[in-house]
Each structure stands twice: as structure tokens, then as C-alpha cells.
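A.B. asks: After the C-alpha cells below, expect a handful of questions from me.
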Amino acid sequence: MLLENDPFLSELTRMFERAKSSGSVVLTMKRYDGRTKPKPRTGKVPEPNEYKCLIRASLGNRKISTVVNHKDVTKFQMAYGNLLKARMDGLKKKDKKGTSARKKAKATQ
């Protein structure tokens with residue numbers, strides 16, 4: 001479902017909340033030139049004068065997307081970054097098995 005930028009961020013927040021209990025949110029970003037049909041094999045297709053950014057998020061079978069224009073990138077990136085910082089609190093810490101084994105080996109030498 002294609003959403004505007006602000007509703008996309010709101011829905012993404014809800015997805016992160018649902019993902020805490022089970023599942024994970026998959027985010028993808030790619031350059032988007034505005035075409036909805038595939039590029040023809042023959043012939044010249046004019047290059048767009050301004051590219052956009054297509055952002056997709058999915059959780060289970062729920063999928064959302066938005067298109068960010070060139071002039072709105074800074075505003076969207078700030079809001080998106082704040083959202084990610086606020087919602088990535090359930091990450092697991094790495095085990096430090098490798099470093100403790102090395103310390104023991106150095107201590108015995």
C-alpha cells in the first residue's frame with residue numbers, strides 16, 4: 001500500500017510495536033525514477049531529471065511503501081532516524097566469547 005511520508009512513519013511505528021511480540025520488520029530502500037512499467041528492451045528511454053527514493057516495509061503479509069521526493073529527503077531522514085533509534089531497543093547484545101578466550105591465552109603465555 002503506497003502511503004504519504006507522515007502516514008508511512010506512523011504505520012511503521014505500529015509495525016515495530018507489533019514486531020516486539022513476534023516477527024521482524026524488513027526495510028528496503030532503492031532509487032525510484034517514477035516509472036510503473038518495465039523499461040523496454042529496445043529504444044531510448046529519457047532519463048528523469050530527478051530521482052526519488054522508494055522505501056518499503058513489511059511485517060508478515062502486511063506491506064507498506066512510500067516515495068520520498070528529492071526536496072523532502074532531509075526532513076524524512078531525520079524523522080526516520082529518530083524512529084529507528086527509538087524502536088530498536090530490543091536488540092540482543094553479542095557474546096564476547098572470542099575476546100575472553102584471547103585474554104586467557106595471553107595470560108598463560
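Note on naming: chains are A, B, ... as they come in the C-alpha cells, residues start from 1 per chain, ligands start from 1 in the order shown.
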For Leu59 in chain A, list every protein, DNA or RNA residue within 10 Å, evaluated using only C-alpha atoms, and leave out those in the same chain fewer than 4 positions away; present the list as a PDB file with all heavy atoms, in the first residue's frame.
C.D. replies:
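Writing done, so here's around_28.pdb:
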ATOM      1  N   LEU A  12       4.729   2.599  10.253  1.00  0.00           N
ATOM      2  CA  LEU A  12       5.976   1.909  10.549  1.00  0.00           C
ATOM      3  C   LEU A  12       6.174   1.793  12.066  1.00  0.00           C
ATOM      4  O   LEU A  12       6.637   0.755  12.560  1.00  0.00           O
ATOM      5  CB  LEU A  12       7.152   2.647   9.914  1.00  0.00           C
ATOM      6  CG  LEU A  12       8.504   1.971   9.967  1.00  0.00           C
ATOM      7  CD1 LEU A  12       8.472   0.616   9.266  1.00  0.00           C
ATOM      8  CD2 LEU A  12       9.551   2.855   9.333  1.00  0.00           C
ATOM      9  N   MET A  15       4.084  -1.018  13.146  1.00  0.00           N
ATOM     10  CA  MET A  15       4.706  -2.286  12.755  1.00  0.00           C
ATOM     11  C   MET A  15       5.794  -2.689  13.747  1.00  0.00           C
ATOM     12  O   MET A  15       5.899  -3.864  14.110  1.00  0.00           O
ATOM     13  CB  MET A  15       5.318  -2.178  11.358  1.00  0.00           C
ATOM     14  CG  MET A  15       4.364  -2.309  10.235  1.00  0.00           C
ATOM     15  SD  MET A  15       5.273  -2.223   8.679  1.00  0.00           S
ATOM     16  CE  MET A  15       4.299  -3.328   7.707  1.00  0.00           C
ATOM     17  N   PHE A  16       6.606  -1.736  14.175  1.00  0.00           N
ATOM     18  CA  PHE A  16       7.649  -2.037  15.147  1.00  0.00           C
ATOM     19  C   PHE A  16       7.045  -2.509  16.469  1.00  0.00           C
ATOM     20  O   PHE A  16       7.583  -3.397  17.125  1.00  0.00           O
ATOM     21  CB  PHE A  16       8.549  -0.827  15.387  1.00  0.00           C
ATOM     22  CG  PHE A  16       9.627  -0.661  14.354  1.00  0.00           C
ATOM     23  CD1 PHE A  16       9.776   0.535  13.683  1.00  0.00           C
ATOM     24  CD2 PHE A  16      10.498  -1.688  14.069  1.00  0.00           C
ATOM     25  CE1 PHE A  16      10.771   0.701  12.738  1.00  0.00           C
ATOM     26  CE2 PHE A  16      11.511  -1.537  13.122  1.00  0.00           C
ATOM     27  CZ  PHE A  16      11.635  -0.341  12.462  1.00  0.00           C
ATOM     28  N   ARG A  18       4.151  -4.121  16.815  1.00  0.00           N
ATOM     29  CA  ARG A  18       3.666  -5.482  16.597  1.00  0.00           C
ATOM     30  C   ARG A  18       4.820  -6.476  16.514  1.00  0.00           C
ATOM     31  O   ARG A  18       4.679  -7.633  16.893  1.00  0.00           O
ATOM     32  CB  ARG A  18       2.834  -5.558  15.317  1.00  0.00           C
ATOM     33  CG  ARG A  18       1.430  -5.046  15.513  1.00  0.00           C
ATOM     34  CD  ARG A  18       0.585  -5.294  14.277  1.00  0.00           C
ATOM     35  NE  ARG A  18       0.017  -3.996  13.906  1.00  0.00           N
ATOM     36  CZ  ARG A  18       0.111  -3.433  12.722  1.00  0.00           C
ATOM     37  NH1 ARG A  18       0.697  -4.042  11.726  1.00  0.00           N
ATOM     38  NH2 ARG A  18      -0.417  -2.253  12.484  1.00  0.00           N
ATOM     39  N   ALA A  19       5.963  -6.039  16.010  1.00  0.00           N
ATOM     40  CA  ALA A  19       7.107  -6.925  15.836  1.00  0.00           C
ATOM     41  C   ALA A  19       7.775  -7.278  17.166  1.00  0.00           C
ATOM     42  O   ALA A  19       8.534  -8.243  17.224  1.00  0.00           O
ATOM     43  CB  ALA A  19       8.124  -6.289  14.898  1.00  0.00           C
ATOM     44  N   SER A  22       6.273 -10.769  18.067  1.00  0.00           N
ATOM     45  CA  SER A  22       6.734 -11.837  17.172  1.00  0.00           C
ATOM     46  C   SER A  22       7.010 -11.262  15.790  1.00  0.00           C
ATOM     47  O   SER A  22       6.339 -10.345  15.342  1.00  0.00           O
ATOM     48  CB  SER A  22       5.675 -12.934  17.053  1.00  0.00           C
ATOM     49  OG  SER A  22       4.531 -12.426  16.416  1.00  0.00           O
ATOM     50  N   GLY A  23       8.010 -11.827  15.126  1.00  0.00           N
ATOM     51  CA  GLY A  23       8.331 -11.397  13.772  1.00  0.00           C
ATOM     52  C   GLY A  23       9.377 -10.311  13.728  1.00  0.00           C
ATOM     53  O   GLY A  23       9.906  -9.878  14.754  1.00  0.00           O
ATOM     54  N   SER A  24       9.660  -9.877  12.516  1.00  0.00           N
ATOM     55  CA  SER A  24      10.630  -8.804  12.327  1.00  0.00           C
ATOM     56  C   SER A  24      10.196  -7.952  11.138  1.00  0.00           C
ATOM     57  O   SER A  24       9.555  -8.433  10.215  1.00  0.00           O
ATOM     58  CB  SER A  24      12.029  -9.361  12.088  1.00  0.00           C
ATOM     59  OG  SER A  24      12.027 -10.181  10.946  1.00  0.00           O
ATOM     60  N   VAL A  25      10.565  -6.694  11.191  1.00  0.00           N
ATOM     61  CA  VAL A  25      10.229  -5.743  10.137  1.00  0.00           C
ATOM     62  C   VAL A  25      11.391  -5.719   9.143  1.00  0.00           C
ATOM     63  O   VAL A  25      12.546  -5.584   9.538  1.00  0.00           O
ATOM     64  CB  VAL A  25       9.995  -4.331  10.718  1.00  0.00           C
ATOM     65  CG1 VAL A  25       9.711  -3.336   9.616  1.00  0.00           C
ATOM     66  CG2 VAL A  25       8.853  -4.353  11.716  1.00  0.00           C
ATOM     67  N   VAL A  26      11.064  -5.859   7.862  1.00  0.00           N
ATOM     68  CA  VAL A  26      12.067  -5.817   6.806  1.00  0.00           C
ATOM     69  C   VAL A  26      11.922  -4.488   6.079  1.00  0.00           C
ATOM     70  O   VAL A  26      10.839  -4.153   5.583  1.00  0.00           O
ATOM     71  CB  VAL A  26      11.882  -6.988   5.822  1.00  0.00           C
ATOM     72  CG1 VAL A  26      12.892  -6.907   4.705  1.00  0.00           C
ATOM     73  CG2 VAL A  26      11.986  -8.309   6.548  1.00  0.00           C
ATOM     74  N   LEU A  27      13.005  -3.716   6.018  1.00  0.00           N
ATOM     75  CA  LEU A  27      13.003  -2.411   5.356  1.00  0.00           C
ATOM     76  C   LEU A  27      13.912  -2.458   4.137  1.00  0.00           C
ATOM     77  O   LEU A  27      15.022  -2.983   4.210  1.00  0.00           O
ATOM     78  CB  LEU A  27      13.509  -1.329   6.300  1.00  0.00           C
ATOM     79  CG  LEU A  27      12.623  -1.034   7.499  1.00  0.00           C
ATOM     80  CD1 LEU A  27      13.390  -0.245   8.527  1.00  0.00           C
ATOM     81  CD2 LEU A  27      11.399  -0.270   7.061  1.00  0.00           C
ATOM     82  N   LYS A  63       2.336  -5.089   4.011  1.00  0.00           N
ATOM     83  CA  LYS A  63       3.375  -4.350   3.301  1.00  0.00           C
ATOM     84  C   LYS A  63       2.939  -2.904   3.113  1.00  0.00           C
ATOM     85  O   LYS A  63       1.797  -2.638   2.746  1.00  0.00           O
ATOM     86  CB  LYS A  63       3.640  -4.970   1.936  1.00  0.00           C
ATOM     87  CG  LYS A  63       4.134  -6.385   2.014  1.00  0.00           C
ATOM     88  CD  LYS A  63       4.267  -6.996   0.652  1.00  0.00           C
ATOM     89  CE  LYS A  63       4.670  -8.449   0.758  1.00  0.00           C
ATOM     90  NZ  LYS A  63       4.697  -9.113  -0.531  1.00  0.00           N
ATOM     91  N   ILE A  64       3.873  -1.984   3.346  1.00  0.00           N
ATOM     92  CA  ILE A  64       3.615  -0.567   3.111  1.00  0.00           C
ATOM     93  C   ILE A  64       4.812   0.013   2.365  1.00  0.00           C
ATOM     94  O   ILE A  64       5.911  -0.536   2.396  1.00  0.00           O
ATOM     95  CB  ILE A  64       3.376   0.218   4.428  1.00  0.00           C
ATOM     96  CG1 ILE A  64       4.567   0.087   5.372  1.00  0.00           C
ATOM     97  CG2 ILE A  64       2.099  -0.231   5.099  1.00  0.00           C
ATOM     98  CD1 ILE A  64       4.489   0.963   6.590  1.00  0.00           C
TER      99      ILE A  64
END
A.B. asks: Looking only at the backbone, which of the residues in chain A does DSSP tag as helix (DSSP H, G or I), as a ChimeraX atom specification?
C.D. replies: /A:5-21,70-87,97-108
A.B. asks: The selected residues should be written to file as a PDB file, in the first residue's frame (atoms: C-alpha atoms).
C.D. replies:
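Now in selection14.pdb:
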ATOM      1  CA  ASN A   5       5.554  10.145   4.122  1.00  0.00           C
ATOM      2  CA  ASP A   6       3.968  11.029   7.503  1.00  0.00           C
ATOM      3  CA  PRO A   7       1.331   8.226   7.465  1.00  0.00           C
ATOM      4  CA  PHE A   8       4.112   5.827   6.421  1.00  0.00           C
ATOM      5  CA  LEU A   9       6.161   6.729   9.506  1.00  0.00           C
ATOM      6  CA  SER A  10       3.084   6.331  11.728  1.00  0.00           C
ATOM      7  CA  GLU A  11       2.307   2.907  10.287  1.00  0.00           C
ATOM      8  CA  LEU A  12       5.976   1.909  10.549  1.00  0.00           C
ATOM      9  CA  THR A  13       5.836   2.761  14.265  1.00  0.00           C
ATOM     10  CA  ARG A  14       2.836   0.441  14.637  1.00  0.00           C
ATOM     11  CA  MET A  15       4.706  -2.286  12.755  1.00  0.00           C
ATOM     12  CA  PHE A  16       7.649  -2.037  15.147  1.00  0.00           C
ATOM     13  CA  GLU A  17       5.246  -2.336  18.102  1.00  0.00           C
ATOM     14  CA  ARG A  18       3.666  -5.482  16.597  1.00  0.00           C
ATOM     15  CA  ALA A  19       7.107  -6.925  15.836  1.00  0.00           C
ATOM     16  CA  LYS A  20       8.107  -6.825  19.513  1.00  0.00           C
ATOM     17  CA  SER A  21       5.870  -9.806  20.257  1.00  0.00           C
ATOM     18  CA  HIS A  70      14.374  14.950  -3.539  1.00  0.00           C
ATOM     19  CA  LYS A  71      13.330  18.106  -1.670  1.00  0.00           C
ATOM     20  CA  ASP A  72      11.866  16.139   1.289  1.00  0.00           C
ATOM     21  CA  VAL A  73      14.807  13.796   1.863  1.00  0.00           C
ATOM     22  CA  THR A  74      16.375  15.686   4.790  1.00  0.00           C
ATOM     23  CA  LYS A  75      13.118  16.064   6.705  1.00  0.00           C
ATOM     24  CA  PHE A  76      12.143  12.432   6.122  1.00  0.00           C
ATOM     25  CA  GLN A  77      15.614  11.120   7.006  1.00  0.00           C
ATOM     26  CA  MET A  78      15.607  12.958  10.341  1.00  0.00           C
ATOM     27  CA  ALA A  79      12.161  11.611  11.276  1.00  0.00           C
ATOM     28  CA  TYR A  80      13.093   8.115  10.050  1.00  0.00           C
ATOM     29  CA  GLY A  81      16.351   8.122  12.019  1.00  0.00           C
ATOM     30  CA  ASN A  82      14.611   9.204  15.219  1.00  0.00           C
ATOM     31  CA  LEU A  83      12.027   6.459  14.726  1.00  0.00           C
ATOM     32  CA  LEU A  84      14.703   3.792  14.285  1.00  0.00           C
ATOM     33  CA  LYS A  85      16.635   4.982  17.346  1.00  0.00           C
ATOM     34  CA  ALA A  86      13.503   4.912  19.477  1.00  0.00           C
ATOM     35  CA  ARG A  87      12.259   1.494  18.324  1.00  0.00           C
ATOM     36  CA  LYS A  97      33.461 -15.424  23.856  1.00  0.00           C
ATOM     37  CA  GLY A  98      36.230 -14.634  21.377  1.00  0.00           C
ATOM     38  CA  THR A  99      37.766 -11.819  23.392  1.00  0.00           C
ATOM     39  CA  SER A 100      37.779 -13.707  26.713  1.00  0.00           C
ATOM     40  CA  ALA A 101      39.441 -16.733  25.101  1.00  0.00           C
ATOM     41  CA  ARG A 102      42.178 -14.494  23.698  1.00  0.00           C
ATOM     42  CA  LYS A 103      42.751 -12.838  27.078  1.00  0.00           C
ATOM     43  CA  LYS A 104      43.134 -16.234  28.744  1.00  0.00           C
ATOM     44  CA  ALA A 105      45.594 -17.357  26.093  1.00  0.00           C
ATOM     45  CA  LYS A 106      47.705 -14.214  26.572  1.00  0.00           C
ATOM     46  CA  ALA A 107      47.621 -14.588  30.342  1.00  0.00           C
ATOM     47  CA  THR A 108      49.008 -18.137  30.201  1.00  0.00           C
TER      48      THR A 108
END
A.B. asks: In Å to one decimal, how far is CA of Glu4 in chain A from CA of Ile55 in chain A?
C.D. replies: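 CA of Glu4 in chain A lies at a distance of 11.0 Å from CA of Ile55 in chain A.
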A.B. asks: Which of chain A end up as strand (DSSP E or B) when DSSP is run on this backbone - answer as a list in words?
C.D. replies: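 Answer for chain A restricted to strand (DSSP E or B) is Leu2, Leu3, Val26, Leu27, Thr28, Met29, Lys30, Arg31, Tyr32, Lys52, Cys53, Leu54, Ile55, Arg56, Ala57, Ser58, Leu59, Arg62, Lys63, Ile64, Ser65, Thr66, Val67 and Val68 of chain A.
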A.B. asks: In Å to one decimal, how far is CA of Gly60 in chain A from CA of Tyr32 in chain A?
C.D. replies: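 Distance reported for this atom pair: 24.1 Å.
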A.B. asks: Name the closest residue to Gly34 in chain A among the candidates A:Met88, A:Leu3, A:Val67, A:Asn61; distances are taken between atoms, counting only C-alpha atoms.
C.D. replies: A:Val67
A.B. asks: Between A:Pro40, A:Lys96, A:Met1, A:Thr28, single out the one closest to Arg56 in chain A, counting only C-alpha atoms.
C.D. replies: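 The closest residue to Arg56 in chain A is A:Thr28.
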A.B. asks: Go ahead and compute the interatomic distance for CA of Cys53 in chain A and CA of Lys30 in chain A, in Å to one decimal.
C.D. replies: 5.8 Å
